[in-house]
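Trainee: A single structure is presented below for examination.
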Amino acid sequence: MKSLLKLQILLTRKNLNAYLIPKSNFYFSEELMLSEERLKYISNFSGSAGWAIIVSLKNEKSAIFTDGRYKIQVRKEVDDRHFKFFNGGMSEIVSFLNKRKDKLKNIGFDPNLISKTDYDFLNSKLKESKIQLKKVEENLVDAIWNKKPMLKNNKVFKLPVKYAGENSLKKIAKVISTINTYQSYGYILNKPDCLSWLLNVRGSELKYTPVFRALAIIKKNGKILIFSEDKIEKNVFKNNKNIQFYEFKFLKKIINNFVYKTFLIDPKSTPVKIFRMLKKNKNKIIEINCPISERKTIKNIVEQENSQNTHFIDGIAFLKFWKWFESDKDISNMTEEDLSKKIFYYRSLNNMFNGNSFPTISATGKNAAIVHYRYSKNRSSKIKKNELYLLDSGGQYITGTTDVTRTLILGTPTIEMKNFYTYVLKGHLAISNLIFPLFTKGRDIDAIARRDLWKVFKDYDHGTGHGVGFFLNVHEGPISISKNNEYPIQPGMIISNEPGYYKKNHFGIRIENLELVKKVPHNNNYLFFETLTMIPYEKKLIRKSLMSEEEIQQINKYHQDIFNKINKIINRNDQSLKLFL
């Protein structure tokens with residue numbers, strides 16, 4: 001761990017006992033550029049969420065914090081000779097530091113990478129222990145990172161209204177209305193997915209998330225000042241003369257022109273550095289939840305229709321993959337990587353396909369017990385008969401975003417496999433068949449998916465579902481179906497439905513569809529889920545004796561719906577796709 005040692009030496013020179021490294025960037029987005037993977041560089045942990053506290057003191061281990069999705073993965077990737085492992089987030093970090101308050105007095109952090117919300121929480125909880133959080137302007141990981149990856153050029157392009165469903169000028173007008181409601185001068189937006197949605201543009205800088213990465217100041221007069229390192233073709237925004245572009249180095253200078261002005265910010269997505277810049281400039285700050293985040297989760301009618309068509313296209317691609325998977329006679333040479341490439345190939349046959357929506361989880365046997373497993377390139381495991389195979393994958397299409405998980409098998413499953421697949425399926429069906437009141441929160445229905453697993457004293461250590469964007473983030477907040485989510489589910493949202501079960505060193509099972517939230521036609525005070533995903537379940541893994549007649553009918557109806565839709569368009573060469581229904 002040369003990088004870890006180099007950082008510890010640098011911390012000692014700067015009189016810092018420890019240094020905070022979040023799995024985040026300036027935008028607090030899930031997907032990072034390779035040059036922003038600082039947590040991975042220092043610890044080798046590749047999960048999508050986590051923190052590290054690098055301790056410079058001798059005979060004291062550093063710490064790494066993750067959630068339940070990564071409790072197996074983190075121990076495989078990170079050297080326990082140098083790190084202690086903790087399951088938890090900010091509260092666990094505070095606990096770790098407070099227990100070591102006599103040793104860890106000065107804690108360094110990069111103010112570009114910690115949000116106002118997280119900083120306030122840490123500062124308040126550490127005050128009694130007299131632990132000092134020290135702002136360090138230069139990122140110390142970058143300072144010791146040799147041969148750091150270069151930034152990728154970004155091509156920003158317009159998303160036509162026939163896909164977006166609403167003119168960007170109308171969206172901007174709604175944000176200005178919010179600014180005026182608070183009698184503010186402007187809103188500082190630091191969420192690339194929200195900016196992309198607002199301006200009806202997309203980008204190519206990231207591999208899986210087609211966002212335009214920039215910070216924007218939206219003024220009450222309709223002018224939008226955009227700060228980005230990218231060179232933007234002016235014709236992309238030719239219909240909006242109110243948009244002005246600047247390099248990031250001019251941000252402070254321009255904010256200085258707005259002394260004493262009132263700005264809205266979302267503290268969860270505003271770096272401490274920006275907040276302090278505003279305070280120093282004597283700006284009044286009003287903290288709100290991002291109004292764009294809330295609006296874009298509710299898909300308009302055009303987005304809903306495009307999403308339905310996209311899932312049909314995606315379903316055909318998956319069925320072609322499944323046919324190939326079942327019919328290949330020589331599985332001894334098939335690997336997890338081969339299968340990942342194959343599902344990508346079938347999706348790429350459609351000209352609307354823009355790429356994967358996240359790194360494909362292609363996992364066989366015991367690897368599938370790692371919730372967010374990643375195979376090693378050119379060294380992935382071979383597929384074996386009679387082992388469960390879990391494929392969690394999705395596509396970014398110009399017409400929408402998909403995310404689906406299916407657990408498949410070549411050969412004969414054990415009774416244990418069938419039992420647990422059926423328990424997971426029963427929870428999945430319970431969610432998809434649910435009717436629930438308006439303003440129900442994600443936390444209120446999470447337990448429904450776990451009921452049958454709880455009956456046999458089992459559970460899964462992740463949420464049941466997450467919001468999904470429209471040709472944007474595959475994980476879209478603020479909505480989720482999880483134990484702590486407080487946000488009300490509303491018509492027009494797209495949410496995943498993905499309970500699972502994982503037996504360490506044996507197998508993993510997850511079943512995932514995307515669901516569109518709709519009002520019940522005859523009673524608008526209640527909602528239901530319309531399933532978007534058009535892919536059958538693995539019938540070889542269903543144990544019918546554990547299912548009710550209603551559940552069996554629900555599966556049959558779902559399969560019949562898929563059959564009716566694909567039967568209209570598949571050609572004679574694809575007739576065998578019907579065998580899965």
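Letters A, B, ... mark the chains of the structure tokens in the order given; residue numbers begin at 1 per chain; ligand numbers begin at 1, in order shown.
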For Gly68 of chain A, please output as a list in words all residues within 9 Å (counting only C-alpha atoms; exclusion window: fewer than 4 positions along the same chain).
Mentor: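 Here the answer would be Ile72, Asn87, Gly88, Val371, Tyr460, Asp461 and His462 of chain A.
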Trainee: Looking only at the backbone, which of the residues in segment 47-156 of chain A does DSSP tag as helix (DSSP H, G or I), as a PyMOL selection string?
Mentor: chain A and resi 68-70+73-77+90-99+116-126+140-144
Trainee: Show which residues sit within 12 Å of Lys103 of chain A, as an MDAnalysis selection string. Count only C-alpha atoms, and ignore same-chain residues fewer than 6 positions away.
Mentor: chainID A and resid 16:18 55:60 96:97 129:132
Trainee: If you keep C-alpha atoms, can you produce a file of those selected residues as a CSV table (one decimal), in the first residue's frame?
Mentor:
```csv
chain,number,residue,atom,x,y,z
A,16,LEU,CA,-2.9,16.2,10.7
A,17,ASN,CA,-3.8,13.1,12.7
A,18,ALA,CA,-6.3,11.9,10.1
A,55,VAL,CA,-4.9,7.8,10.3
A,56,SER,CA,-1.3,9.1,10.3
A,57,LEU,CA,-0.4,7.8,13.8
A,58,LYS,CA,1.7,4.7,14.2
A,59,ASN,CA,0.1,1.6,15.6
A,60,GLU,CA,-3.3,2.9,14.7
A,96,PHE,CA,-15.1,6.1,15.5
A,97,LEU,CA,-13.6,9.6,15.9
A,129,SER,CA,-14.8,16.0,21.9
A,130,LYS,CA,-13.0,19.2,20.8
A,131,ILE,CA,-11.9,17.5,17.6
A,132,GLN,CA,-11.0,20.1,14.9
```
Trainee: Can you work out which one of A:Tyr345, A:Trp145, A:Gly508, A:Ser177 has the shortest atom-to-atom distance to His372 of chain A, counting only C-alpha atoms?
Mentor: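 Closest to His372 of chain A of all the choices is A:Gly508.
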Trainee: Write out as a PDB file with all heavy atoms, in the first residue's frame the residues lying within 12 Å of Ser124 of chain A, counting only C-alpha atoms and excluding same-chain residues fewer than 4 positions away.
Mentor:
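Below is the file that was written, around_25.pdb:
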```pdb
ATOM      1  N   MET A  90     -22.410   8.350   8.396  1.00  0.00           N
ATOM      2  CA  MET A  90     -21.901   9.483   9.162  1.00  0.00           C
ATOM      3  C   MET A  90     -21.905   9.225  10.671  1.00  0.00           C
ATOM      4  O   MET A  90     -20.976   9.610  11.374  1.00  0.00           O
ATOM      5  CB  MET A  90     -22.731  10.729   8.843  1.00  0.00           C
ATOM      6  CG  MET A  90     -22.692  11.155   7.387  1.00  0.00           C
ATOM      7  SD  MET A  90     -21.024  11.457   6.778  1.00  0.00           S
ATOM      8  CE  MET A  90     -20.560  12.879   7.720  1.00  0.00           C
ATOM      9  N   SER A  91     -22.944   8.587  11.180  1.00  0.00           N
ATOM     10  CA  SER A  91     -23.013   8.324  12.626  1.00  0.00           C
ATOM     11  C   SER A  91     -21.876   7.406  13.076  1.00  0.00           C
ATOM     12  O   SER A  91     -21.293   7.595  14.154  1.00  0.00           O
ATOM     13  CB  SER A  91     -24.367   7.701  12.995  1.00  0.00           C
ATOM     14  OG  SER A  91     -25.412   8.610  12.738  1.00  0.00           O
ATOM     15  N   VAL A  94     -18.631   9.398  13.173  1.00  0.00           N
ATOM     16  CA  VAL A  94     -18.580  10.201  14.398  1.00  0.00           C
ATOM     17  C   VAL A  94     -18.193   9.334  15.595  1.00  0.00           C
ATOM     18  O   VAL A  94     -17.356   9.717  16.422  1.00  0.00           O
ATOM     19  CB  VAL A  94     -19.939  10.896  14.643  1.00  0.00           C
ATOM     20  CG1 VAL A  94     -20.022  11.459  16.057  1.00  0.00           C
ATOM     21  CG2 VAL A  94     -20.167  11.993  13.615  1.00  0.00           C
ATOM     22  N   ASN A  98     -14.941   9.967  17.897  1.00  0.00           N
ATOM     23  CA  ASN A  98     -15.129  10.311  19.319  1.00  0.00           C
ATOM     24  C   ASN A  98     -14.450   9.315  20.251  1.00  0.00           C
ATOM     25  O   ASN A  98     -13.952   9.686  21.322  1.00  0.00           O
ATOM     26  CB  ASN A  98     -16.612  10.416  19.651  1.00  0.00           C
ATOM     27  CG  ASN A  98     -17.201  11.757  19.252  1.00  0.00           C
ATOM     28  OD1 ASN A  98     -16.510  12.762  19.235  1.00  0.00           O
ATOM     29  ND2 ASN A  98     -18.487  11.775  18.928  1.00  0.00           N
ATOM     30  N   THR A 117     -24.424  19.743   4.394  1.00  0.00           N
ATOM     31  CA  THR A 117     -25.183  18.899   5.327  1.00  0.00           C
ATOM     32  C   THR A 117     -24.267  17.980   6.117  1.00  0.00           C
ATOM     33  O   THR A 117     -24.358  17.887   7.346  1.00  0.00           O
ATOM     34  CB  THR A 117     -26.229  18.063   4.563  1.00  0.00           C
ATOM     35  OG1 THR A 117     -27.186  18.941   3.973  1.00  0.00           O
ATOM     36  CG2 THR A 117     -26.945  17.096   5.501  1.00  0.00           C
ATOM     37  N   ASP A 118     -23.372  17.279   5.431  1.00  0.00           N
ATOM     38  CA  ASP A 118     -22.470  16.345   6.108  1.00  0.00           C
ATOM     39  C   ASP A 118     -21.496  17.079   7.028  1.00  0.00           C
ATOM     40  O   ASP A 118     -21.188  16.612   8.135  1.00  0.00           O
ATOM     41  CB  ASP A 118     -21.695  15.507   5.081  1.00  0.00           C
ATOM     42  CG  ASP A 118     -22.555  14.426   4.448  1.00  0.00           C
ATOM     43  OD1 ASP A 118     -23.640  14.137   4.987  1.00  0.00           O
ATOM     44  OD2 ASP A 118     -22.157  13.873   3.406  1.00  0.00           O
ATOM     45  N   TYR A 119     -21.012  18.222   6.575  1.00  0.00           N
ATOM     46  CA  TYR A 119     -20.080  18.989   7.405  1.00  0.00           C
ATOM     47  C   TYR A 119     -20.764  19.453   8.689  1.00  0.00           C
ATOM     48  O   TYR A 119     -20.192  19.343   9.788  1.00  0.00           O
ATOM     49  CB  TYR A 119     -19.540  20.197   6.642  1.00  0.00           C
ATOM     50  CG  TYR A 119     -18.655  21.077   7.496  1.00  0.00           C
ATOM     51  CD1 TYR A 119     -17.325  20.732   7.736  1.00  0.00           C
ATOM     52  CD2 TYR A 119     -19.163  22.224   8.103  1.00  0.00           C
ATOM     53  CE1 TYR A 119     -16.522  21.521   8.548  1.00  0.00           C
ATOM     54  CE2 TYR A 119     -18.366  23.018   8.916  1.00  0.00           C
ATOM     55  CZ  TYR A 119     -17.046  22.660   9.136  1.00  0.00           C
ATOM     56  OH  TYR A 119     -16.254  23.432   9.945  1.00  0.00           O
ATOM     57  N   ASP A 120     -21.966  19.971   8.573  1.00  0.00           N
ATOM     58  CA  ASP A 120     -22.694  20.447   9.762  1.00  0.00           C
ATOM     59  C   ASP A 120     -22.914  19.314  10.751  1.00  0.00           C
ATOM     60  O   ASP A 120     -22.798  19.497  11.975  1.00  0.00           O
ATOM     61  CB  ASP A 120     -24.037  21.051   9.353  1.00  0.00           C
ATOM     62  CG  ASP A 120     -23.898  22.423   8.697  1.00  0.00           C
ATOM     63  OD1 ASP A 120     -22.789  22.992   8.742  1.00  0.00           O
ATOM     64  OD2 ASP A 120     -24.894  22.908   8.137  1.00  0.00           O
ATOM     65  N   GLU A 128     -18.154  18.436  21.150  1.00  0.00           N
ATOM     66  CA  GLU A 128     -17.915  18.105  22.562  1.00  0.00           C
ATOM     67  C   GLU A 128     -16.547  17.479  22.763  1.00  0.00           C
ATOM     68  O   GLU A 128     -15.900  17.676  23.785  1.00  0.00           O
ATOM     69  CB  GLU A 128     -19.003  17.129  23.055  1.00  0.00           C
ATOM     70  CG  GLU A 128     -19.967  17.791  24.019  1.00  0.00           C
ATOM     71  CD  GLU A 128     -20.979  16.810  24.579  1.00  0.00           C
ATOM     72  OE1 GLU A 128     -20.558  15.856  25.262  1.00  0.00           O
ATOM     73  OE2 GLU A 128     -22.177  16.995  24.311  1.00  0.00           O
ATOM     74  N   SER A 129     -16.100  16.711  21.794  1.00  0.00           N
ATOM     75  CA  SER A 129     -14.804  16.036  21.898  1.00  0.00           C
ATOM     76  C   SER A 129     -13.650  16.960  21.566  1.00  0.00           C
ATOM     77  O   SER A 129     -12.487  16.561  21.661  1.00  0.00           O
ATOM     78  CB  SER A 129     -14.767  14.826  20.956  1.00  0.00           C
ATOM     79  OG  SER A 129     -15.783  13.916  21.267  1.00  0.00           O
ATOM     80  N   LYS A 130     -13.972  18.189  21.143  1.00  0.00           N
ATOM     81  CA  LYS A 130     -12.960  19.188  20.777  1.00  0.00           C
ATOM     82  C   LYS A 130     -12.062  18.713  19.632  1.00  0.00           C
ATOM     83  O   LYS A 130     -10.881  19.066  19.559  1.00  0.00           O
ATOM     84  CB  LYS A 130     -12.118  19.580  22.003  1.00  0.00           C
ATOM     85  CG  LYS A 130     -12.952  20.246  23.081  1.00  0.00           C
ATOM     86  CD  LYS A 130     -12.111  20.669  24.257  1.00  0.00           C
ATOM     87  CE  LYS A 130     -12.988  21.343  25.316  1.00  0.00           C
ATOM     88  NZ  LYS A 130     -12.224  21.758  26.513  1.00  0.00           N
ATOM     89  N   ILE A 131     -12.649  17.893  18.756  1.00  0.00           N
ATOM     90  CA  ILE A 131     -11.933  17.472  17.556  1.00  0.00           C
ATOM     91  C   ILE A 131     -12.083  18.571  16.511  1.00  0.00           C
ATOM     92  O   ILE A 131     -13.185  19.056  16.261  1.00  0.00           O
ATOM     93  CB  ILE A 131     -12.493  16.130  17.026  1.00  0.00           C
ATOM     94  CG1 ILE A 131     -12.191  15.006  18.018  1.00  0.00           C
ATOM     95  CG2 ILE A 131     -11.911  15.796  15.653  1.00  0.00           C
ATOM     96  CD1 ILE A 131     -12.868  13.688  17.676  1.00  0.00           C
ATOM     97  N   GLN A 132     -10.985  18.974  15.917  1.00  0.00           N
ATOM     98  CA  GLN A 132     -10.979  20.064  14.944  1.00  0.00           C
ATOM     99  C   GLN A 132     -11.042  19.526  13.517  1.00  0.00           C
ATOM    100  O   GLN A 132     -10.228  18.682  13.137  1.00  0.00           O
ATOM    101  CB  GLN A 132      -9.711  20.906  15.100  1.00  0.00           C
ATOM    102  CG  GLN A 132      -9.585  21.601  16.444  1.00  0.00           C
ATOM    103  CD  GLN A 132     -10.622  22.700  16.612  1.00  0.00           C
ATOM    104  OE1 GLN A 132     -10.824  23.521  15.721  1.00  0.00           O
ATOM    105  NE2 GLN A 132     -11.276  22.717  17.768  1.00  0.00           N
ATOM    106  N   LEU A 133     -12.034  20.009  12.748  1.00  0.00           N
ATOM    107  CA  LEU A 133     -12.081  19.700  11.315  1.00  0.00           C
ATOM    108  C   LEU A 133     -11.327  20.794  10.577  1.00  0.00           C
ATOM    109  O   LEU A 133     -11.705  21.971  10.616  1.00  0.00           O
ATOM    110  CB  LEU A 133     -13.532  19.637  10.824  1.00  0.00           C
ATOM    111  CG  LEU A 133     -14.367  18.463  11.333  1.00  0.00           C
ATOM    112  CD1 LEU A 133     -15.822  18.628  10.899  1.00  0.00           C
ATOM    113  CD2 LEU A 133     -13.826  17.140  10.817  1.00  0.00           C
TER     114      LEU A 133
END
```
Trainee: Enter the distance from atom CA of Tyr182 of chain A to atom CA of Leu278 of chain A, in Å, rounded to one decimal.
Mentor: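 Between atom CA of Tyr182 of chain A and atom CA of Leu278 of chain A the gap is 17.4 Å.
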Trainee: Might you pull out every residue within 10 Å of Ile243 of chain A, with only C-alpha atoms counted and same-chain residues fewer than 2 positions away left off, and present them as a PDB file with N, CA and C atoms, in the first residue's frame?
Mentor:
```
ATOM      1  N   LEU A 199     -32.259  21.778 -18.780  1.00  0.00           N
ATOM      2  CA  LEU A 199     -31.905  22.360 -20.080  1.00  0.00           C
ATOM      3  C   LEU A 199     -32.173  21.420 -21.247  1.00  0.00           C
ATOM      4  N   ALA A 216     -24.450  25.695 -11.892  1.00  0.00           N
ATOM      5  CA  ALA A 216     -25.195  26.786 -12.515  1.00  0.00           C
ATOM      6  C   ALA A 216     -25.745  27.743 -11.456  1.00  0.00           C
ATOM      7  N   ILE A 218     -28.823  30.137 -11.319  1.00  0.00           N
ATOM      8  CA  ILE A 218     -30.067  30.499 -12.014  1.00  0.00           C
ATOM      9  C   ILE A 218     -30.611  31.750 -11.346  1.00  0.00           C
ATOM     10  N   GLY A 222     -34.072  35.080 -15.148  1.00  0.00           N
ATOM     11  CA  GLY A 222     -34.038  34.069 -16.207  1.00  0.00           C
ATOM     12  C   GLY A 222     -32.659  33.781 -16.752  1.00  0.00           C
ATOM     13  N   LYS A 223     -31.671  34.593 -16.393  1.00  0.00           N
ATOM     14  CA  LYS A 223     -30.307  34.329 -16.865  1.00  0.00           C
ATOM     15  C   LYS A 223     -29.704  33.159 -16.091  1.00  0.00           C
ATOM     16  N   ILE A 224     -28.953  32.333 -16.793  1.00  0.00           N
ATOM     17  CA  ILE A 224     -28.313  31.162 -16.184  1.00  0.00           C
ATOM     18  C   ILE A 224     -26.818  31.228 -16.464  1.00  0.00           C
ATOM     19  N   LEU A 225     -26.029  31.287 -15.396  1.00  0.00           N
ATOM     20  CA  LEU A 225     -24.571  31.318 -15.511  1.00  0.00           C
ATOM     21  C   LEU A 225     -24.058  29.907 -15.253  1.00  0.00           C
ATOM     22  N   ILE A 226     -23.379  29.322 -16.241  1.00  0.00           N
ATOM     23  CA  ILE A 226     -22.917  27.938 -16.136  1.00  0.00           C
ATOM     24  C   ILE A 226     -21.395  27.916 -16.024  1.00  0.00           C
ATOM     25  N   LYS A 234     -21.812  26.256 -29.045  1.00  0.00           N
ATOM     26  CA  LYS A 234     -22.839  27.264 -28.792  1.00  0.00           C
ATOM     27  C   LYS A 234     -24.185  26.898 -29.407  1.00  0.00           C
ATOM     28  N   PHE A 237     -27.191  25.480 -27.326  1.00  0.00           N
ATOM     29  CA  PHE A 237     -28.056  26.365 -26.543  1.00  0.00           C
ATOM     30  C   PHE A 237     -28.489  27.587 -27.364  1.00  0.00           C
ATOM     31  N   LYS A 238     -28.534  27.441 -28.663  1.00  0.00           N
ATOM     32  CA  LYS A 238     -28.827  28.592 -29.511  1.00  0.00           C
ATOM     33  C   LYS A 238     -30.229  29.160 -29.291  1.00  0.00           C
ATOM     34  N   ASN A 239     -31.157  28.350 -28.766  1.00  0.00           N
ATOM     35  CA  ASN A 239     -32.533  28.822 -28.544  1.00  0.00           C
ATOM     36  C   ASN A 239     -32.716  29.530 -27.209  1.00  0.00           C
ATOM     37  N   ASN A 240     -31.657  29.583 -26.415  1.00  0.00           N
ATOM     38  CA  ASN A 240     -31.758  30.272 -25.125  1.00  0.00           C
ATOM     39  C   ASN A 240     -30.588  31.248 -24.991  1.00  0.00           C
ATOM     40  N   LYS A 241     -30.862  32.505 -25.273  1.00  0.00           N
ATOM     41  CA  LYS A 241     -29.825  33.542 -25.247  1.00  0.00           C
ATOM     42  C   LYS A 241     -29.453  33.954 -23.823  1.00  0.00           C
ATOM     43  N   PHE A 245     -21.616  31.072 -20.357  1.00  0.00           N
ATOM     44  CA  PHE A 245     -20.659  30.055 -19.922  1.00  0.00           C
ATOM     45  C   PHE A 245     -19.385  30.696 -19.369  1.00  0.00           C
TER      46      PHE A 245
END
```
Trainee: Extract, using only C-alpha atoms, all DNA, RNA and protein residues at most 12 Å from Ser548 of chain A, discarding same-chain residues fewer than 4 positions from it, and format them as a ChimeraX atom specification.
Mentor: /A:422-423,425-426,429-430,543-544,552-555
Trainee: DSSP on the backbone: which residues in segment 82-291 of chain A end up as strand (DSSP E)? Give the answer as a PyMOL selection string.
Mentor: chain A and resi 83-87+106-109+132-135+157-158+186-189+201-202+215-219+224-227+243-246+262-265+284-287
Trainee: Go through A:Phe258, A:Tyr526, A:Phe344, A:Tyr487 one by one, measure the shortest atom-to-atom distance of each to Gly442 of chain A using only C-alpha atoms, and give the residue with the smallest value.
Mentor: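 Going through A:Phe258, A:Tyr526, A:Phe344, A:Tyr487 one by one, the smallest distance to Gly442 of chain A is for A:Tyr487.
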